[in-house]
Amino acid sequence: MSAGELFDLIRPAVLVISALLSTWVLASARRRFPLFLAMLWALATLFFPFITLPLYLVVQFVRKRHELTAGAINAAPGRGVPRAVPRWRIATPLVYATVVLAVIGLYLYSDHQSVDAHLARATQAKLRAEPGKTISEYRAALRQEDDPHTHKLLAIELADVGNWTEALSEFRLAEEGGEPDDSIAFRIGTLLDILNLAGQAKLEYQRFLVSEACTQPLPDARCVVARGRVQAPVD
């Protein structure tokens with residue numbers, strides 16, 4: 001399992017635990033602080049749990065010691081009689097927890113359906129040699145955003161699994177969208193050769209030969225192949 005996959009598994013649990021800790025802090029702080037301060041403590045715990053929670057516990061410990069030292073707890077008649085907890089003190093944390101967990105759920109769902117998430121899962125699937133999953137994730141990303149580079153990546157995967165006609169179409173879309181990769185012309189030529197369209201393939205090889213990939217001081221190794229295909233007689 002890659003680090004990215006592990007993070008994707010851990011992140012929801014961390015967010016839920018942070019929400020629960022934040023709710024507990026709100027319920028605890030509401031008995032000792034005004035509502036706006038209790039909410040500040042809760043929100044700080046939600047976003048920075050490893051910093052705020054220890055700090056809150058220290059503050060509570062210091063307050064309790066101060067109350068004991070100052071004689072805040074006295075033995076006056078009636079002080080020891082337990083009082084019913086007001087309903088709003090219970091309702092407020094429950095409403096807060098519901099809202100926070102709902103927001104976290106919406107955020108996780110939205111993030112899971114984002115273009116970057118689809119591309120990340122496509123990369124992970126490619127590393128695991130799962131072409132079907134890779135192709136489906138690239139297609140899902142394109143439904144979200146029509147990106148020429150993603151068209152090229154999808155075309156490469158389609159060509160690798162033998163779906164040459166659709167791969168050719170995706171390479172064309174990548175070029176039309178402005179994808180700057182010069183090798184697309186060579187890839188298109190190769191696919192046209194496979195589809196027995198030698199005349200059209202030769203035109204693509206010629207286009208590749210005049211691109212920067214073949215005119216630079218150290219040309220691409222595929223330029224030799226392209227030149228050979230251009231010089232070969234067309235059946």
# chains A, B, ... in the order shown; residues from 1 in each chain; ligands from 1

call {"tool": "closest_atom_pairs", "arguments": {"of": "range 128-229 of chain A", "to": "range 113-116 of chain A", "cutoff": "10 Å", "atoms": "only C-alpha atoms", "output": "CSV"}}
result
residue,atom,partner,partner_atom,distance
A:Glu137,CA,A:Val115,CA,9.2
A:Tyr138,CA,A:Val115,CA,9.0
A:Ala140,CA,A:Val115,CA,7.9
A:Ala141,CA,A:Val115,CA,4.9
A:Leu142,CA,A:Val115,CA,7.9
A:Arg143,CA,A:Val115,CA,8.8
A:Gln144,CA,A:Val115,CA,6.2
A:Glu145,CA,A:Val115,CA,7.0

call {"tool": "residues_around", "arguments": {"residues": "range 49-62 of chain A", "least_positions_apart": "3", "cutoff": "12 Å", "atoms": "only C-alpha atoms", "output": "JSON, numbers by chain"}}
result
{"A": [14, 15, 16, 17, 18, 19, 20, 21, 22, 23, 24, 25, 26, 28, 29, 31, 32, 33, 37, 38, 40, 41, 42, 43, 44, 45, 46, 65, 66, 67, 68, 69]}
